[in-house]
Amino acid sequence: MSSTASRRGFLHRLSRIDDGAIMRTAFFALLAGTASVLYIDYRELMATTPPEALPEAQPILPPASQDGGNTGPRPEITTAPELLEEPLSITLGGQGELRLTGTMDQGSAARFAEEIAARGEYVETVVLDSPGGSVSDALEMGTLIHEKGYATRVPAGALCASACPIVFASGAERIASPQSAIGVHQVYAAAITGNPQAMLEAAGIAMSEAQRTTARITRHLTMTGVDPEMWLLALETPPDRLHYFTEKEMTGFNLVTSLEEESNSSR
């Protein structure tokens, strides 16, 4: 058989392969590659880390650092870094403003709910200045804010990053300034377990939980009237960086319902 006839026969057989078969082949190749990477990471980790020092697996939205990288210009943050690193403080001020300042540690949602139960009748607006933290607590606080119909606000010079935009997106009215630093990044999975033999299983569980968390966030944004497409920017941004929303993105995704000028956005 001539080489031309051989090539024609090969092309004929190739044309009979449907797209589904190609996609399945690509998927299993990707799965195999992922498993290989996990196995290599597992061996390297276990060679350098004692089992008793390994934390449990969980999906994480790590608090953002002011000094971390970002994917675009960052508005100036005027809040002291040490204040943002403190566990979340909840303070009721004048004009119906409930101020949430600091990192959303585990238990923040419970403290927030207690404050609303005790003094919620005086609250009109939840003012945010936080680098983020616990995504579960952020979702719980956001759900309560949505149910109560409170407004949310990020003043000029304030930071609302990582899990914090989930809370901000929950307001019936969402107020920010072009000088508000509102940023997002990926949920990542800490696929590590204290039991070395369960490492690979924990990796799968952690990845599954990270995806489940992303689904919860997407549903929450849809419920509050924010375009869930905004979270695509989070998925595209590595967990050690931040994507800060531009004024156009804030309004385009309906993340902000009211933009205030810096002169009118006193802290």
# chains A, B, ... in the order shown; residues from 1 in each chain; ligands from 1

call {"tool": "residues_around", "arguments": {"residues": "segment 250-259 of chain A", "least_positions_apart": "3", "cutoff": "9 Å", "atoms": "only C-alpha atoms", "output": "JSON list (two decimals) with N, CA, C and O atoms, in the first residue's frame"}}
result
[["chain", "number", "residue", "atom", "x", "y", "z"],
["A", 165, "PRO", "N", -16.28, 40.09, 50.08],
["A", 165, "PRO", "CA", -17.25, 40.49, 49.06],
["A", 165, "PRO", "C", -18.53, 39.66, 49.06],
["A", 165, "PRO", "O", -19.57, 40.12, 48.58],
["A", 168, "PHE", "N", -20.56, 41.62, 51.43],
["A", 168, "PHE", "CA", -20.94, 42.89, 50.78],
["A", 168, "PHE", "C", -22.04, 42.67, 49.75],
["A", 168, "PHE", "O", -22.99, 43.46, 49.66],
["A", 169, "ALA", "N", -21.95, 41.59, 48.97],
["A", 169, "ALA", "CA", -22.92, 41.31, 47.91],
["A", 169, "ALA", "C", -24.31, 41.00, 48.46],
["A", 169, "ALA", "O", -25.27, 40.92, 47.69],
["A", 172, "ALA", "N", -29.22, 44.72, 50.56],
["A", 172, "ALA", "CA", -30.33, 45.14, 49.70],
["A", 172, "ALA", "C", -29.88, 46.32, 48.86],
["A", 172, "ALA", "O", -30.26, 46.45, 47.68],
["A", 173, "GLU", "N", -29.08, 47.21, 49.45],
["A", 173, "GLU", "CA", -28.39, 48.27, 48.73],
["A", 173, "GLU", "C", -26.90, 48.09, 49.01],
["A", 173, "GLU", "O", -26.50, 47.85, 50.15],
["A", 174, "ARG", "N", -26.08, 48.20, 47.97],
["A", 174, "ARG", "CA", -24.64, 47.93, 48.12],
["A", 174, "ARG", "C", -23.87, 49.17, 47.70],
["A", 174, "ARG", "O", -23.83, 49.52, 46.51],
["A", 175, "ILE", "N", -23.28, 49.81, 48.69],
["A", 175, "ILE", "CA", -22.68, 51.13, 48.49],
["A", 175, "ILE", "C", -21.16, 51.02, 48.57],
["A", 175, "ILE", "O", -20.62, 50.42, 49.50],
["A", 176, "ALA", "N", -20.48, 51.60, 47.60],
["A", 176, "ALA", "CA", -19.02, 51.62, 47.61],
["A", 176, "ALA", "C", -18.56, 52.87, 46.89],
["A", 176, "ALA", "O", -19.36, 53.64, 46.34],
["A", 177, "SER", "N", -17.26, 53.05, 46.89],
["A", 177, "SER", "CA", -16.62, 54.18, 46.23],
["A", 177, "SER", "C", -15.63, 53.64, 45.22],
["A", 177, "SER", "O", -15.14, 52.50, 45.36],
["A", 178, "PRO", "N", -15.30, 54.41, 44.18],
["A", 178, "PRO", "CA", -14.22, 53.98, 43.28],
["A", 178, "PRO", "C", -12.91, 53.75, 44.02],
["A", 178, "PRO", "O", -12.04, 53.04, 43.53],
["A", 182, "ILE", "N", -12.05, 46.37, 46.79],
["A", 182, "ILE", "CA", -12.87, 45.15, 46.85],
["A", 182, "ILE", "C", -12.24, 44.14, 45.91],
["A", 182, "ILE", "O", -12.15, 44.36, 44.70],
["A", 225, "GLY", "N", -28.99, 39.00, 43.81],
["A", 225, "GLY", "CA", -29.13, 39.86, 42.65],
["A", 225, "GLY", "C", -27.82, 40.31, 42.03],
["A", 225, "GLY", "O", -27.81, 41.17, 41.14],
["A", 226, "VAL", "N", -26.71, 39.74, 42.48],
["A", 226, "VAL", "CA", -25.40, 40.04, 41.90],
["A", 226, "VAL", "C", -25.12, 39.04, 40.78],
["A", 226, "VAL", "O", -25.41, 37.85, 40.92],
["A", 227, "ASP", "N", -24.56, 39.52, 39.69],
["A", 227, "ASP", "CA", -24.24, 38.63, 38.57],
["A", 227, "ASP", "C", -23.19, 37.63, 39.02],
["A", 227, "ASP", "O", -22.06, 38.00, 39.35],
["A", 228, "PRO", "N", -23.53, 36.32, 39.06],
["A", 228, "PRO", "CA", -22.56, 35.32, 39.53],
["A", 228, "PRO", "C", -21.32, 35.23, 38.65],
["A", 228, "PRO", "O", -20.32, 34.62, 39.05],
["A", 229, "GLU", "N", -21.37, 35.85, 37.47],
["A", 229, "GLU", "CA", -20.20, 35.84, 36.60],
["A", 229, "GLU", "C", -19.01, 36.55, 37.26],
["A", 229, "GLU", "O", -17.87, 36.32, 36.90],
["A", 230, "MET", "N", -19.31, 37.41, 38.24],
["A", 230, "MET", "CA", -18.21, 38.09, 38.93],
["A", 230, "MET", "C", -17.27, 37.08, 39.59],
["A", 230, "MET", "O", -16.07, 37.33, 39.74],
["A", 245, "PHE", "N", -11.77, 44.84, 41.87],
["A", 245, "PHE", "CA", -12.79, 45.25, 40.91],
["A", 245, "PHE", "C", -12.62, 46.71, 40.52],
["A", 245, "PHE", "O", -12.42, 47.58, 41.38],
["A", 246, "THR", "N", -12.71, 46.95, 39.22],
["A", 246, "THR", "CA", -12.74, 48.33, 38.75],
["A", 246, "THR", "C", -14.14, 48.90, 38.93],
["A", 246, "THR", "O", -15.10, 48.15, 39.19],
["A", 247, "GLU", "N", -14.25, 50.20, 38.79],
["A", 247, "GLU", "CA", -15.57, 50.83, 38.90],
["A", 247, "GLU", "C", -16.53, 50.23, 37.86],
["A", 247, "GLU", "O", -17.70, 49.96, 38.15]]

call {"tool": "select_by_dssp", "arguments": {"residues": "segment 129-259 of chain A", "states": "strand (DSSP E or B)", "output": "VMD selection string"}}
result
chain A and resid 129 to 130 133 151 to 154 159 to 161 174 to 176 181 to 184 188 to 190 241 to 244 258 to 259

call {"tool": "write_last_selection", "arguments": {"atoms": "N, CA and C atoms", "output": "mmCIF file, in the first residue's frame"}}
result
data_model
loop_
_atom_site.group_PDB
_atom_site.id
_atom_site.type_symbol
_atom_site.label_atom_id
_atom_site.label_comp_id
_atom_site.auth_asym_id
_atom_site.auth_seq_id
_atom_site.Cartn_x
_atom_site.Cartn_y
_atom_site.Cartn_z
ATOM 1 N N ASP A 129 -14.844 46.367 56.539
ATOM 2 C CA ASP A 129 -13.415 46.658 56.377
ATOM 3 C C ASP A 129 -12.677 45.406 56.827
ATOM 4 N N SER A 130 -12.495 44.463 55.886
ATOM 5 C CA SER A 130 -12.011 43.134 56.264
ATOM 6 C C SER A 130 -11.219 42.497 55.129
ATOM 7 N N GLY A 133 -11.546 35.776 55.269
ATOM 8 C CA GLY A 133 -11.339 34.723 56.250
ATOM 9 C C GLY A 133 -12.248 33.536 55.985
ATOM 10 N N ALA A 151 -28.579 47.327 54.233
ATOM 11 C CA ALA A 151 -27.644 47.782 53.207
ATOM 12 C C ALA A 151 -26.232 47.379 53.638
ATOM 13 N N THR A 152 -25.317 47.305 52.665
ATOM 14 C CA THR A 152 -23.902 47.074 52.969
ATOM 15 C C THR A 152 -23.086 48.200 52.336
ATOM 16 N N ARG A 153 -21.909 48.453 52.932
ATOM 17 C CA ARG A 153 -21.096 49.573 52.448
ATOM 18 C C ARG A 153 -19.617 49.293 52.679
ATOM 19 N N VAL A 154 -18.794 49.606 51.678
ATOM 20 C CA VAL A 154 -17.345 49.586 51.804
ATOM 21 C C VAL A 154 -16.863 50.997 51.515
ATOM 22 N N LEU A 159 -10.846 47.998 52.985
ATOM 23 C CA LEU A 159 -10.557 46.758 52.270
ATOM 24 C C LEU A 159 -11.705 45.789 52.468
ATOM 25 N N CYS A 160 -12.140 45.162 51.379
ATOM 26 C CA CYS A 160 -13.132 44.081 51.458
ATOM 27 C C CYS A 160 -12.673 43.024 50.465
ATOM 28 N N ALA A 161 -11.967 42.013 50.960
ATOM 29 C CA ALA A 161 -11.307 41.068 50.068
ATOM 30 C C ALA A 161 -11.585 39.627 50.467
ATOM 31 N N ARG A 174 -26.075 48.197 47.970
ATOM 32 C CA ARG A 174 -24.644 47.927 48.115
ATOM 33 C C ARG A 174 -23.874 49.174 47.697
ATOM 34 N N ILE A 175 -23.279 49.811 48.686
ATOM 35 C CA ILE A 175 -22.682 51.130 48.489
ATOM 36 C C ILE A 175 -21.163 51.018 48.570
ATOM 37 N N ALA A 176 -20.482 51.600 47.599
ATOM 38 C CA ALA A 176 -19.025 51.618 47.608
ATOM 39 C C ALA A 176 -18.556 52.872 46.887
ATOM 40 N N ALA A 181 -11.369 49.229 48.098
ATOM 41 C CA ALA A 181 -10.554 48.096 47.643
ATOM 42 C C ALA A 181 -11.350 46.802 47.842
ATOM 43 N N ILE A 182 -12.047 46.369 46.793
ATOM 44 C CA ILE A 182 -12.869 45.154 46.849
ATOM 45 C C ILE A 182 -12.239 44.136 45.911
ATOM 46 N N GLY A 183 -11.777 43.008 46.471
ATOM 47 C CA GLY A 183 -11.036 42.048 45.658
ATOM 48 C C GLY A 183 -11.378 40.604 45.977
ATOM 49 N N VAL A 184 -11.155 39.714 44.990
ATOM 50 C CA VAL A 184 -11.480 38.292 45.135
ATOM 51 C C VAL A 184 -10.323 37.432 44.623
ATOM 52 N N TYR A 188 -9.078 27.611 47.682
ATOM 53 C CA TYR A 188 -8.146 26.519 47.443
ATOM 54 C C TYR A 188 -8.330 25.455 48.506
ATOM 55 N N ALA A 189 -7.863 24.257 48.198
ATOM 56 C CA ALA A 189 -8.070 23.122 49.092
ATOM 57 C C ALA A 189 -6.789 22.775 49.805
ATOM 58 N N ALA A 190 -6.832 22.766 51.141
ATOM 59 C CA ALA A 190 -5.685 22.297 51.931
ATOM 60 C C ALA A 190 -5.823 20.790 52.053
ATOM 61 N N ARG A 241 -2.972 35.918 45.230
ATOM 62 C CA ARG A 241 -3.122 37.208 44.573
ATOM 63 C C ARG A 241 -4.558 37.679 44.733
ATOM 64 N N LEU A 242 -4.847 38.893 44.275
ATOM 65 C CA LEU A 242 -6.209 39.432 44.340
ATOM 66 C C LEU A 242 -6.551 40.122 43.031
ATOM 67 N N HIS A 243 -7.799 39.949 42.626
ATOM 68 C CA HIS A 243 -8.321 40.775 41.536
ATOM 69 C C HIS A 243 -9.180 41.857 42.178
ATOM 70 N N TYR A 244 -8.761 43.105 42.047
ATOM 71 C CA TYR A 244 -9.548 44.224 42.572
ATOM 72 C C TYR A 244 -10.516 44.689 41.493
ATOM 73 N N SER A 258 -24.883 51.562 44.316
ATOM 74 C CA SER A 258 -24.737 53.003 44.482
ATOM 75 C C SER A 258 -23.265 53.337 44.699
ATOM 76 N N LEU A 259 -22.707 54.172 43.815
ATOM 77 C CA LEU A 259 -21.330 54.634 43.949
ATOM 78 C C LEU A 259 -21.325 56.018 44.578
#

call {"tool": "residues_around", "arguments": {"residues": "Thr214 of chain A", "least_positions_apart": "4", "cutoff": "8 Å", "atoms": "only C-alpha atoms", "output": "JSON, numbers by chain"}}
result
{"A": [187, 210, 218]}

call {"tool": "closest_residue", "arguments": {"among": "A:Leu128, A:Ala234, A:Ile166, A:Leu83", "to": "His146 of chain A", "atoms": "only C-alpha atoms"}}
result
A:Ile166

call {"tool": "decode", "arguments": {"residues": "segment 126-140 of chain A", "atoms": "N, CA, C and O atoms", "output": "mmCIF file, in the first residue's frame"}}
result
data_model
loop_
_atom_site.group_PDB
_atom_site.id
_atom_site.type_symbol
_atom_site.label_atom_id
_atom_site.label_comp_id
_atom_site.auth_asym_id
_atom_site.auth_seq_id
_atom_site.Cartn_x
_atom_site.Cartn_y
_atom_site.Cartn_z
ATOM 1 N N VAL A 126 -24.537 47.707 57.156
ATOM 2 C CA VAL A 126 -23.372 46.970 57.637
ATOM 3 C C VAL A 126 -22.153 47.502 56.884
ATOM 4 O O VAL A 126 -22.068 47.392 55.652
ATOM 5 N N VAL A 127 -21.214 48.100 57.619
ATOM 6 C CA VAL A 127 -20.027 48.716 57.030
ATOM 7 C C VAL A 127 -18.858 47.747 57.166
ATOM 8 O O VAL A 127 -18.535 47.296 58.268
ATOM 9 N N LEU A 128 -18.203 47.449 56.045
ATOM 10 C CA LEU A 128 -17.195 46.391 56.000
ATOM 11 C C LEU A 128 -15.787 46.933 55.791
ATOM 12 O O LEU A 128 -15.564 47.817 54.966
ATOM 13 N N ASP A 129 -14.844 46.367 56.539
ATOM 14 C CA ASP A 129 -13.415 46.658 56.377
ATOM 15 C C ASP A 129 -12.677 45.406 56.827
ATOM 16 O O ASP A 129 -12.300 45.261 57.988
ATOM 17 N N SER A 130 -12.495 44.463 55.886
ATOM 18 C CA SER A 130 -12.011 43.134 56.264
ATOM 19 C C SER A 130 -11.219 42.497 55.129
ATOM 20 O O SER A 130 -11.592 42.610 53.961
ATOM 21 N N PRO A 131 -10.139 41.759 55.476
ATOM 22 C CA PRO A 131 -9.388 41.015 54.462
ATOM 23 C C PRO A 131 -9.993 39.652 54.164
ATOM 24 O O PRO A 131 -9.432 38.870 53.395
ATOM 25 N N GLY A 132 -11.141 39.346 54.774
ATOM 26 C CA GLY A 132 -11.798 38.067 54.532
ATOM 27 C C GLY A 132 -11.514 37.064 55.632
ATOM 28 O O GLY A 132 -11.279 37.431 56.786
ATOM 29 N N GLY A 133 -11.546 35.776 55.269
ATOM 30 C CA GLY A 133 -11.339 34.723 56.250
ATOM 31 C C GLY A 133 -12.248 33.536 55.985
ATOM 32 O O GLY A 133 -12.254 32.993 54.880
ATOM 33 N N SER A 134 -13.058 33.160 56.968
ATOM 34 C CA SER A 134 -13.904 31.972 56.885
ATOM 35 C C SER A 134 -15.048 32.185 55.900
ATOM 36 O O SER A 134 -15.925 33.028 56.114
ATOM 37 N N VAL A 135 -15.067 31.392 54.826
ATOM 38 C CA VAL A 135 -16.120 31.537 53.818
ATOM 39 C C VAL A 135 -17.468 31.078 54.364
ATOM 40 O O VAL A 135 -18.512 31.653 54.030
ATOM 41 N N SER A 136 -17.478 30.067 55.228
ATOM 42 C CA SER A 136 -18.742 29.606 55.817
ATOM 43 C C SER A 136 -19.368 30.692 56.678
ATOM 44 O O SER A 136 -20.587 30.930 56.614
ATOM 45 N N ASP A 137 -18.541 31.361 57.461
ATOM 46 C CA ASP A 137 -19.059 32.460 58.295
ATOM 47 C C ASP A 137 -19.537 33.611 57.423
ATOM 48 O O ASP A 137 -20.553 34.244 57.719
ATOM 49 N N ALA A 138 -18.803 33.881 56.341
ATOM 50 C CA ALA A 138 -19.209 34.961 55.436
ATOM 51 C C ALA A 138 -20.564 34.664 54.811
ATOM 52 O O ALA A 138 -21.429 35.554 54.701
ATOM 53 N N LEU A 139 -20.779 33.425 54.395
ATOM 54 C CA LEU A 139 -22.058 33.048 53.802
ATOM 55 C C LEU A 139 -23.195 33.148 54.819
ATOM 56 O O LEU A 139 -24.301 33.603 54.485
ATOM 57 N N GLU A 140 -22.935 32.750 56.058
ATOM 58 C CA GLU A 140 -23.969 32.836 57.095
ATOM 59 C C GLU A 140 -24.314 34.291 57.400
ATOM 60 O O GLU A 140 -25.489 34.646 57.519
#
